[in-house]
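First up is the structure itself, then whatever we jot down about it.
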Amino acid sequence: MQIDILFCGVCHSDLHIVRNEWGGGTIYPCVPGHEIVGRVVKVGREARKFKEGDLAAVGCMVDSDRVCPNCRAGLEQFCDQGVTLAYNSEDKHTGGITYGGYSKSIVVDQDFVLRVPDKLDQAAAAPLLCAGITTYSPLRKWKVGRGQKVGVVGLGGLGHMALKFANAFGAEVTLFTTSPGKTADAKRLGAHNVVISKDEEAMKQHDKSFDFIIDTVSANHDLNAYLTLLKRDGALVLVGISPEEMRISAFNLVMPRRQMAGSLIGGIAETQEMLDFCAERGIACGIEMITIDKINEAYERMLKSDVKYRFVIDMASLL
Ligand code: NAP
Ligand code: ZN
C-alpha cells in the first residue's frame, strides 16, 4: 500500500540512529521516522485490508517472515529471519535500505499497516506507534493493574505514555524524574506521586516497595538505585536503550529474588489492540507540532530532556 504521510513522531531512537550512537549500525543517507500516520493513496491488486482514502498508520516494523515461531506468536519484532524496520534496515524486496517517515510517502505491506480509529486525533496518534506500544506491551506482559505500586523512570515520549497506561490499568503510579519542573505535568498525566531521583532521602523512602518499574531513560544512569526499590519478585523492565553499558550489582537481584528484563516495541496485533484501547479510553499523546526545518532544534531539546512530551512533524511542511 502506498501511504501519503501526514504526521510523523520524533523518537529518541531517531536521534540515537541519526548520530550513529548504537554500535555504528547507521547506513547513510538515512531517513528516520517510525511513528507514521497518513492516508492510503494506492493499494496493490491483492491488498484487501485497506482502500484508497483510508487513514492508516505504520510503526517500527514493515516486514518479517510471518512463519517463524516468534512471528506466529504475534511477536514480529523478534522474527528469526530478522525483522525489517521502517528505516535503516535491509529491504529484502528491493535489496536496498528502508527509508522511514520523515518523508512524503511510504510503501508498506498491508500486514504491517494499522487502522487508526476515527476517535483519535491524527497527529496525537502518531507517537502511539512507537512510544505507545513500547510502554503498553510490557505493562500488559507483566500484568500491571489494580493494587500494584508501579514506577516510571524518565518523563519523555515513552515515559508520558507509561504514566497514562499504568494509570488507566489501575495501578498506583510514581514517576522518577531528574527534572523537578515536570512534577505538575506528571500528576496531570497520571502519576500519583513524583520522586526527584537525585534526592537520595526521597528514594530511600520507597525502598523494597515497588511491584514493577519501567525504565525509559535514554542514557547511562544508576540501575541499582531502582532495583533496590523493588519488593520480592518485583521486576525492573528496561525499554530505554542507553548507548553505554550499565552496571548492576548481583546482590540487588538475588536479594530478595528480583527480576530484570527488557522489552522491544510490541507485535502488530498488540499494536492494533493498543490503538483501539486508546480510542476507547480517550488516551492520546501530548504533542508539540514542528515543521521539518526544526528537526535539529528538536533533537537538541530532546538531549536536554526538554520535550513536552513528543515532537510530531507536520509533513505538509516538507516541500
Ligand atoms: P525522550 O523523550 O528523550 O525521554 C527520555 C527521558 O529520560 C528524558 O526526558 C529524561 O526524563 C530522562 N533522561 C534523559 N537523560 C537522562 C540521564 N542522563 N539520566 C537520567 N534520566 C535521563 O526519549 P524517548 O523517545 O522516550 O526514548 C527513551 C529511550 O527509549 C531511548 O533510548 C530510545 O531509543 C528508547 N526506545 C526504546 C524502544 C524499545 O522498543 N525498547 C522504543 C522506542 C524508544 P526526566 O527529565 O524526567 O528525567
Ligand atoms: Zn521509537
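As shown in the C-alpha cells, the chain order sets the letters A, B, ...; within each chain, residues go from 1, and ligands are also counted from 1 in the order they appear.
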Using only C-alpha atoms and all ligand atoms, what table do you get, as JSON lines, when you list each residue of chain A with an atom no more than 8 Å from ligand 1, its nearest pair of atoms, and their distance in Å rounded to one decimal, rows by chain then rising number?
{"residue": "A:Val10", "atom": "CA", "partner": "ligand 1", "partner_atom_place_in_ligand_line": "25 (O)", "distance": 7.2}
{"residue": "A:Cys11", "atom": "CA", "partner": "ligand 1", "partner_atom_place_in_ligand_line": "25 (O)", "distance": 4.1}
{"residue": "A:His12", "atom": "CA", "partner": "ligand 1", "partner_atom_place_in_ligand_line": "25 (O)", "distance": 3.7}
{"residue": "A:Ser13", "atom": "CA", "partner": "ligand 1", "partner_atom_place_in_ligand_line": "34 (O)", "distance": 3.5}
{"residue": "A:Asp14", "atom": "CA", "partner": "ligand 1", "partner_atom_place_in_ligand_line": "34 (O)", "distance": 7.3}
{"residue": "A:Leu15", "atom": "CA", "partner": "ligand 1", "partner_atom_place_in_ligand_line": "34 (O)", "distance": 7.8}
{"residue": "A:His16", "atom": "CA", "partner": "ligand 1", "partner_atom_place_in_ligand_line": "34 (O)", "distance": 6.3}
{"residue": "A:Cys130", "atom": "CA", "partner": "ligand 1", "partner_atom_place_in_ligand_line": "43 (C)", "distance": 5.7}
{"residue": "A:Ala131", "atom": "CA", "partner": "ligand 1", "partner_atom_place_in_ligand_line": "43 (C)", "distance": 5.7}
{"residue": "A:Thr134", "atom": "CA", "partner": "ligand 1", "partner_atom_place_in_ligand_line": "40 (O)", "distance": 5.1}
{"residue": "A:Val153", "atom": "CA", "partner": "ligand 1", "partner_atom_place_in_ligand_line": "47 (O)", "distance": 6.9}
{"residue": "A:Gly154", "atom": "CA", "partner": "ligand 1", "partner_atom_place_in_ligand_line": "11 (O)", "distance": 3.6}
{"residue": "A:Leu155", "atom": "CA", "partner": "ligand 1", "partner_atom_place_in_ligand_line": "47 (O)", "distance": 3.6}
{"residue": "A:Gly156", "atom": "CA", "partner": "ligand 1", "partner_atom_place_in_ligand_line": "4 (O)", "distance": 3.3}
{"residue": "A:Gly157", "atom": "CA", "partner": "ligand 1", "partner_atom_place_in_ligand_line": "26 (O)", "distance": 3.7}
{"residue": "A:Leu158", "atom": "CA", "partner": "ligand 1", "partner_atom_place_in_ligand_line": "26 (O)", "distance": 3.7}
{"residue": "A:Gly159", "atom": "CA", "partner": "ligand 1", "partner_atom_place_in_ligand_line": "26 (O)", "distance": 5.8}
{"residue": "A:His160", "atom": "CA", "partner": "ligand 1", "partner_atom_place_in_ligand_line": "26 (O)", "distance": 7.9}
{"residue": "A:Leu175", "atom": "CA", "partner": "ligand 1", "partner_atom_place_in_ligand_line": "47 (O)", "distance": 7.8}
{"residue": "A:Phe176", "atom": "CA", "partner": "ligand 1", "partner_atom_place_in_ligand_line": "47 (O)", "distance": 6.7}
{"residue": "A:Thr177", "atom": "CA", "partner": "ligand 1", "partner_atom_place_in_ligand_line": "47 (O)", "distance": 3.7}
{"residue": "A:Thr178", "atom": "CA", "partner": "ligand 1", "partner_atom_place_in_ligand_line": "48 (O)", "distance": 3.6}
{"residue": "A:Ser179", "atom": "CA", "partner": "ligand 1", "partner_atom_place_in_ligand_line": "46 (O)", "distance": 4.5}
{"residue": "A:Lys182", "atom": "CA", "partner": "ligand 1", "partner_atom_place_in_ligand_line": "47 (O)", "distance": 6.9}
{"residue": "A:Ser197", "atom": "CA", "partner": "ligand 1", "partner_atom_place_in_ligand_line": "48 (O)", "distance": 7.9}
{"residue": "A:Thr216", "atom": "CA", "partner": "ligand 1", "partner_atom_place_in_ligand_line": "28 (C)", "distance": 4.9}
{"residue": "A:Val217", "atom": "CA", "partner": "ligand 1", "partner_atom_place_in_ligand_line": "7 (O)", "distance": 3.7}
{"residue": "A:Ser218", "atom": "CA", "partner": "ligand 1", "partner_atom_place_in_ligand_line": "32 (O)", "distance": 3.3}
{"residue": "A:Ala219", "atom": "CA", "partner": "ligand 1", "partner_atom_place_in_ligand_line": "18 (N)", "distance": 4.7}
{"residue": "A:Asn220", "atom": "CA", "partner": "ligand 1", "partner_atom_place_in_ligand_line": "18 (N)", "distance": 5.7}
{"residue": "A:His221", "atom": "CA", "partner": "ligand 1", "partner_atom_place_in_ligand_line": "19 (N)", "distance": 5.1}
{"residue": "A:Leu238", "atom": "CA", "partner": "ligand 1", "partner_atom_place_in_ligand_line": "41 (N)", "distance": 7.1}
{"residue": "A:Val239", "atom": "CA", "partner": "ligand 1", "partner_atom_place_in_ligand_line": "41 (N)", "distance": 3.8}
{"residue": "A:Gly240", "atom": "CA", "partner": "ligand 1", "partner_atom_place_in_ligand_line": "30 (O)", "distance": 3.3}
{"residue": "A:Ile241", "atom": "CA", "partner": "ligand 1", "partner_atom_place_in_ligand_line": "32 (O)", "distance": 3.9}
{"residue": "A:Ser242", "atom": "CA", "partner": "ligand 1", "partner_atom_place_in_ligand_line": "32 (O)", "distance": 5.3}
{"residue": "A:Pro243", "atom": "CA", "partner": "ligand 1", "partner_atom_place_in_ligand_line": "32 (O)", "distance": 7.7}
{"residue": "A:Gly262", "atom": "CA", "partner": "ligand 1", "partner_atom_place_in_ligand_line": "41 (N)", "distance": 7.2}
{"residue": "A:Ser263", "atom": "CA", "partner": "ligand 1", "partner_atom_place_in_ligand_line": "41 (N)", "distance": 5.3}
{"residue": "A:Leu264", "atom": "CA", "partner": "ligand 1", "partner_atom_place_in_ligand_line": "40 (O)", "distance": 3.4}
{"residue": "A:Ile265", "atom": "CA", "partner": "ligand 1", "partner_atom_place_in_ligand_line": "40 (O)", "distance": 3.7}
{"residue": "A:Gly266", "atom": "CA", "partner": "ligand 1", "partner_atom_place_in_ligand_line": "40 (O)", "distance": 7.5}
{"residue": "A:Met302", "atom": "CA", "partner": "ligand 1", "partner_atom_place_in_ligand_line": "3 (O)", "distance": 4.8}
{"residue": "A:Leu303", "atom": "CA", "partner": "ligand 1", "partner_atom_place_in_ligand_line": "3 (O)", "distance": 6.3}
{"residue": "A:Lys304", "atom": "CA", "partner": "ligand 1", "partner_atom_place_in_ligand_line": "14 (C)", "distance": 7.4}
{"residue": "A:Ser305", "atom": "CA", "partner": "ligand 1", "partner_atom_place_in_ligand_line": "9 (O)", "distance": 4.0}
{"residue": "A:Asp306", "atom": "CA", "partner": "ligand 1", "partner_atom_place_in_ligand_line": "9 (O)", "distance": 6.6}
{"residue": "A:Val307", "atom": "CA", "partner": "ligand 1", "partner_atom_place_in_ligand_line": "2 (O)", "distance": 6.1}
{"residue": "A:Tyr309", "atom": "CA", "partner": "ligand 1", "partner_atom_place_in_ligand_line": "2 (O)", "distance": 6.5}
{"residue": "A:Arg310", "atom": "CA", "partner": "ligand 1", "partner_atom_place_in_ligand_line": "2 (O)", "distance": 6.4}
With N, CA and C atoms retained, could you export that selection as a CSV table (one decimal), in the first residue's frame?
chain,number,residue,atom,x,y,z
A,10,VAL,N,8.7,12.1,16.5
A,10,VAL,CA,10.2,12.1,16.6
A,10,VAL,C,10.5,11.3,17.9
A,11,CYS,N,11.1,10.1,17.7
A,11,CYS,CA,11.5,9.3,18.8
A,11,CYS,C,13.0,9.5,19.1
A,12,HIS,N,13.3,9.2,20.4
A,12,HIS,CA,14.8,9.4,20.8
A,12,HIS,C,15.6,8.4,20.0
A,13,SER,N,15.0,7.3,19.6
A,13,SER,CA,15.8,6.3,18.8
A,13,SER,C,16.2,6.9,17.4
A,14,ASP,N,15.4,7.8,16.9
A,14,ASP,CA,15.8,8.5,15.7
A,14,ASP,C,17.1,9.3,15.9
A,15,LEU,N,17.2,9.9,17.1
A,15,LEU,CA,18.4,10.7,17.4
A,15,LEU,C,19.6,9.7,17.6
A,16,HIS,N,19.4,8.6,18.3
A,16,HIS,CA,20.5,7.6,18.5
A,16,HIS,C,21.0,7.2,17.1
A,130,CYS,N,5.1,4.1,18.3
A,130,CYS,CA,6.3,3.6,19.0
A,130,CYS,C,6.2,3.8,20.5
A,131,ALA,N,6.2,5.1,20.9
A,131,ALA,CA,6.1,5.4,22.3
A,131,ALA,C,5.0,4.7,23.0
A,134,THR,N,5.5,0.6,22.9
A,134,THR,CA,6.7,0.2,23.7
A,134,THR,C,6.4,0.2,25.2
A,153,VAL,N,10.4,5.5,35.1
A,153,VAL,CA,11.6,6.3,35.2
A,153,VAL,C,11.8,7.1,33.9
A,154,GLY,N,11.8,8.4,34.1
A,154,GLY,CA,12.0,9.3,32.9
A,154,GLY,C,10.7,9.8,32.3
A,155,LEU,N,10.5,11.1,32.3
A,155,LEU,CA,9.3,11.7,31.6
A,155,LEU,C,9.7,12.3,30.3
A,156,GLY,N,9.7,11.5,29.3
A,156,GLY,CA,9.8,12.0,27.9
A,156,GLY,C,8.7,11.3,27.1
A,157,GLY,N,9.0,11.0,25.8
A,157,GLY,CA,7.9,10.4,25.0
A,157,GLY,C,7.4,9.1,25.5
A,158,LEU,N,8.3,8.2,25.8
A,158,LEU,CA,7.9,6.9,26.3
A,158,LEU,C,7.3,7.0,27.7
A,159,GLY,N,8.0,7.8,28.6
A,159,GLY,CA,7.6,7.9,30.0
A,159,GLY,C,6.2,8.5,30.1
A,160,HIS,N,5.8,9.5,29.3
A,160,HIS,CA,4.5,10.1,29.5
A,160,HIS,C,3.4,9.1,29.1
A,175,LEU,N,6.3,8.6,39.4
A,175,LEU,CA,7.3,9.0,38.4
A,175,LEU,C,8.6,9.3,39.1
A,176,PHE,N,9.7,8.8,38.5
A,176,PHE,CA,11.0,9.1,38.9
A,176,PHE,C,11.6,10.0,37.8
A,177,THR,N,12.0,11.2,38.2
A,177,THR,CA,12.5,12.2,37.2
A,177,THR,C,13.7,12.9,37.7
A,178,THR,N,14.5,13.4,36.7
A,178,THR,CA,15.7,14.2,37.1
A,178,THR,C,15.3,15.7,37.0
A,179,SER,N,14.0,16.0,36.5
A,179,SER,CA,13.6,17.3,36.2
A,179,SER,C,12.4,17.7,37.1
A,182,LYS,N,9.0,19.1,36.0
A,182,LYS,CA,8.0,18.3,35.4
A,182,LYS,C,6.9,17.7,36.3
A,197,SER,N,14.8,11.9,41.4
A,197,SER,CA,15.7,10.7,41.5
A,197,SER,C,17.0,11.1,42.1
A,216,THR,N,12.6,4.2,31.1
A,216,THR,CA,12.6,4.8,29.8
A,216,THR,C,13.8,5.7,29.5
A,217,VAL,N,14.8,5.6,30.3
A,217,VAL,CA,15.9,6.6,30.2
A,217,VAL,C,16.8,6.3,29.0
A,218,SER,N,17.2,7.3,28.3
A,218,SER,CA,17.9,7.2,27.0
A,218,SER,C,19.4,7.2,27.2
A,219,ALA,N,19.9,7.3,28.4
A,219,ALA,CA,21.3,7.5,28.7
A,219,ALA,C,21.7,6.7,29.9
A,220,ASN,N,23.1,6.6,30.1
A,220,ASN,CA,23.6,5.8,31.2
A,220,ASN,C,23.1,6.4,32.6
A,221,HIS,N,22.7,5.6,33.5
A,221,HIS,CA,22.2,6.0,34.8
A,221,HIS,C,22.3,4.9,35.8
A,238,LEU,N,13.6,-2.6,31.3
A,238,LEU,CA,14.2,-1.6,30.6
A,238,LEU,C,13.6,-1.5,29.2
A,239,VAL,N,13.1,-0.3,28.8
A,239,VAL,CA,12.8,0.0,27.4
A,239,VAL,C,13.7,1.0,26.8
A,240,GLY,N,14.2,1.9,27.7
A,240,GLY,CA,15.2,2.9,27.2
A,240,GLY,C,16.5,2.1,26.8
A,241,ILE,N,17.2,2.6,25.8
A,241,ILE,CA,18.4,1.9,25.3
A,241,ILE,C,19.6,2.8,25.3
A,242,SER,N,20.2,2.8,26.5
A,242,SER,CA,21.4,3.6,26.6
A,242,SER,C,22.5,3.1,25.7
A,243,PRO,N,23.2,4.0,24.9
A,243,PRO,CA,24.3,3.5,24.1
A,243,PRO,C,25.4,2.9,24.9
A,262,GLY,N,14.1,-6.7,29.6
A,262,GLY,CA,14.0,-5.7,28.6
A,262,GLY,C,12.7,-6.0,27.8
A,263,SER,N,12.3,-5.0,27.0
A,263,SER,CA,11.2,-5.2,26.1
A,263,SER,C,11.4,-4.3,24.8
A,264,LEU,N,11.0,-4.8,23.7
A,264,LEU,CA,11.1,-4.1,22.4
A,264,LEU,C,9.8,-3.9,21.8
A,265,ILE,N,9.4,-2.7,21.5
A,265,ILE,CA,8.1,-2.3,20.9
A,265,ILE,C,7.0,-3.3,21.3
A,266,GLY,N,6.3,-3.9,20.3
A,266,GLY,CA,5.2,-4.9,20.5
A,266,GLY,C,4.8,-5.4,19.2
A,302,MET,N,15.6,17.6,22.9
A,302,MET,CA,15.5,16.2,23.4
A,302,MET,C,16.7,15.8,24.3
A,303,LEU,N,17.8,16.2,23.9
A,303,LEU,CA,19.0,15.9,24.7
A,303,LEU,C,19.1,16.6,26.0
A,304,LYS,N,18.3,17.7,26.1
A,304,LYS,CA,18.3,18.5,27.3
A,304,LYS,C,17.0,18.0,28.1
A,305,SER,N,16.4,17.0,27.8
A,305,SER,CA,15.1,16.5,28.4
A,305,SER,C,14.0,17.5,28.3
A,306,ASP,N,14.0,18.3,27.3
A,306,ASP,CA,13.1,19.4,27.1
A,306,ASP,C,12.1,19.1,26.0
A,307,VAL,N,11.3,18.0,26.3
A,307,VAL,CA,10.3,17.6,25.3
A,307,VAL,C,8.9,17.5,26.0
A,309,TYR,N,5.3,16.2,25.1
A,309,TYR,CA,6.2,15.2,25.6
A,309,TYR,C,6.6,14.4,24.4
A,310,ARG,N,6.2,14.8,23.2
A,310,ARG,CA,6.6,14.2,21.9
A,310,ARG,C,6.6,15.2,20.8
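The neighbours of region 59-64 of chain A here are the residues that come within 6 Å of it, using only C-alpha atoms and leaving out any residue fewer than 2 positions away in the same chain; they are His34, Glu35, Arg66, Val83, Thr84, Leu85, Ala86, Phe112 and Leu129 of chain A.
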Take the residues from that selection and write them out as a PDB file, in the first residue's frame, keeping N, CA and C atoms.
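Ended up saving to part-v3.pdb:
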ATOM      1  N   HIS A  34       9.510   6.466  12.600  1.00  0.00           N
ATOM      2  CA  HIS A  34       8.732   5.222  12.677  1.00  0.00           C
ATOM      3  C   HIS A  34       7.457   5.409  13.505  1.00  0.00           C
ATOM      4  N   GLU A  35       6.923   6.624  13.467  1.00  0.00           N
ATOM      5  CA  GLU A  35       5.627   6.884  14.121  1.00  0.00           C
ATOM      6  C   GLU A  35       4.775   7.615  13.091  1.00  0.00           C
ATOM      7  N   ARG A  66       6.878 -13.962   8.774  1.00  0.00           N
ATOM      8  CA  ARG A  66       5.489 -14.376   9.115  1.00  0.00           C
ATOM      9  C   ARG A  66       5.356 -15.852   9.498  1.00  0.00           C
ATOM     10  N   VAL A  83      13.630  -8.891  11.684  1.00  0.00           N
ATOM     11  CA  VAL A  83      12.515  -8.045  11.260  1.00  0.00           C
ATOM     12  C   VAL A  83      13.055  -6.919  10.381  1.00  0.00           C
ATOM     13  N   THR A  84      12.265  -6.486   9.396  1.00  0.00           N
ATOM     14  CA  THR A  84      12.650  -5.319   8.599  1.00  0.00           C
ATOM     15  C   THR A  84      12.062  -4.090   9.272  1.00  0.00           C
ATOM     16  N   LEU A  85      12.932  -3.199   9.692  1.00  0.00           N
ATOM     17  CA  LEU A  85      12.477  -1.998  10.391  1.00  0.00           C
ATOM     18  C   LEU A  85      12.096  -0.911   9.387  1.00  0.00           C
ATOM     19  N   ALA A  86      11.341   0.080   9.869  1.00  0.00           N
ATOM     20  CA  ALA A  86      10.826   1.132   8.982  1.00  0.00           C
ATOM     21  C   ALA A  86      11.953   1.903   8.293  1.00  0.00           C
ATOM     22  N   PHE A 112       1.558  -4.945   7.775  1.00  0.00           N
ATOM     23  CA  PHE A 112       2.271  -4.105   8.747  1.00  0.00           C
ATOM     24  C   PHE A 112       1.674  -2.700   8.831  1.00  0.00           C
ATOM     25  N   LEU A 129       2.496   4.779  17.809  1.00  0.00           N
ATOM     26  CA  LEU A 129       3.063   3.687  17.009  1.00  0.00           C
ATOM     27  C   LEU A 129       4.408   3.206  17.525  1.00  0.00           C
TER      28      LEU A 129
END
Contacts of Val194 (chain A) at 9 Å (only C-alpha atoms; same-chain gap of 5+ positions) as a ChimeraX atom specification: /A:173-177,180,183-184,186-187
Residue selection dump (N, CA and C atoms) as a PDB file, in the first residue's frame:
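Once written, selection29.pdb looks like this:
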ATOM      1  N   VAL A 173       0.737   4.928  40.655  1.00  0.00           N
ATOM      2  CA  VAL A 173       1.865   5.233  39.770  1.00  0.00           C
ATOM      3  C   VAL A 173       2.777   6.317  40.351  1.00  0.00           C
ATOM      4  N   THR A 174       4.084   6.028  40.315  1.00  0.00           N
ATOM      5  CA  THR A 174       5.083   7.006  40.767  1.00  0.00           C
ATOM      6  C   THR A 174       6.032   7.312  39.609  1.00  0.00           C
ATOM      7  N   LEU A 175       6.256   8.597  39.363  1.00  0.00           N
ATOM      8  CA  LEU A 175       7.256   8.984  38.364  1.00  0.00           C
ATOM      9  C   LEU A 175       8.579   9.285  39.060  1.00  0.00           C
ATOM     10  N   PHE A 176       9.672   8.755  38.495  1.00  0.00           N
ATOM     11  CA  PHE A 176      11.018   9.126  38.917  1.00  0.00           C
ATOM     12  C   PHE A 176      11.601  10.017  37.833  1.00  0.00           C
ATOM     13  N   THR A 177      11.999  11.228  38.213  1.00  0.00           N
ATOM     14  CA  THR A 177      12.472  12.176  37.214  1.00  0.00           C
ATOM     15  C   THR A 177      13.712  12.909  37.701  1.00  0.00           C
ATOM     16  N   PRO A 180      12.793  18.457  38.259  1.00  0.00           N
ATOM     17  CA  PRO A 180      11.748  18.874  39.217  1.00  0.00           C
ATOM     18  C   PRO A 180      10.625  19.664  38.543  1.00  0.00           C
ATOM     19  N   THR A 183       7.023  18.067  37.649  1.00  0.00           N
ATOM     20  CA  THR A 183       6.148  17.457  38.661  1.00  0.00           C
ATOM     21  C   THR A 183       4.657  17.666  38.363  1.00  0.00           C
ATOM     22  N   ALA A 184       4.270  18.904  38.086  1.00  0.00           N
ATOM     23  CA  ALA A 184       2.844  19.186  37.876  1.00  0.00           C
ATOM     24  C   ALA A 184       2.335  18.455  36.632  1.00  0.00           C
ATOM     25  N   ALA A 186       3.489  15.704  35.385  1.00  0.00           N
ATOM     26  CA  ALA A 186       3.434  14.259  35.676  1.00  0.00           C
ATOM     27  C   ALA A 186       2.118  13.915  36.354  1.00  0.00           C
ATOM     28  N   LYS A 187       1.688  14.757  37.277  1.00  0.00           N
ATOM     29  CA  LYS A 187       0.430  14.477  38.011  1.00  0.00           C
ATOM     30  C   LYS A 187      -0.757  14.574  37.061  1.00  0.00           C
TER      31      LYS A 187
END
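Going from CA of Ile248 (chain A) to CA of Leu227 (chain A) covers 8.6 Å.
Contact shell of region 141-150 of chain A at 9 Å (only C-alpha atoms; same-chain neighbours under 3 positions omitted): Tyr136, Ser137, Pro138, Ala166, Asn167, Ala168, Phe169, Gly170, Ala171, Glu172, Val173, Thr174, Leu175, Ser209, Phe210, Asp211, Phe212, Ile213, Ile214 and Ala235 of chain A.
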Within 7 Å of region 87-97 of chain A using only C-alpha atoms, minus same-chain residues under 6 positions, as a VMD selection string: chain A and resid 26 to 27 30 to 32
Between CA of Val152 (chain A) and CA of Arg232 (chain A) - distance in Å to one decimal: 18.3 Å
Minimum-distance residue to Asp293 (chain A), chosen among A:Leu114, A:Ser317, A:Gln272, A:Gly101 (using only C-alpha atoms): A:Ser317
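Distances to ligand 2 were evaluated for A:Gly24, A:Thr135, A:Ala73, A:Leu120 using only C-alpha atoms and all ligand atoms, and the minimum falls at A:Thr135.
Compared by their closest atoms to ligand 2, and using only C-alpha atoms and all ligand atoms, the residues A:Asp111, A:Ala284, A:Ala261, A:Leu128 rank with A:Leu128 nearest.
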Picked from region 119-221 of chain A by DSSP as alpha helix (DSSP H), as a PyMOL selection string: chain A and resi 122-125+131-141+157-168+183-189+200-204
DSSP strand (DSSP E or B) selection over region 1-249 of chain A, as a ChimeraX atom specification: /A:2-10,36-42,55-58,61-63,84-85,90,97,105-107,114-115,149-153,172-177,193-196,210-215,230-238
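Between Ala269 (chain A) and the candidates A:His206, A:Arg72, A:Lys104, A:Lys294, the tightest atom-to-atom separation, counting only C-alpha atoms, involves A:Arg72.
Nearest residue to ligand 2, choosing from A:Met246, A:Ile133, A:Val41, A:Val18 and counting only C-alpha atoms and all ligand atoms: A:Ile133.
Among the candidates A:Leu236, A:Ala225, A:Asp54, A:Gln205, the residue lying nearest to Ser249 (chain A) is A:Ala225 (atoms considered: only C-alpha atoms).
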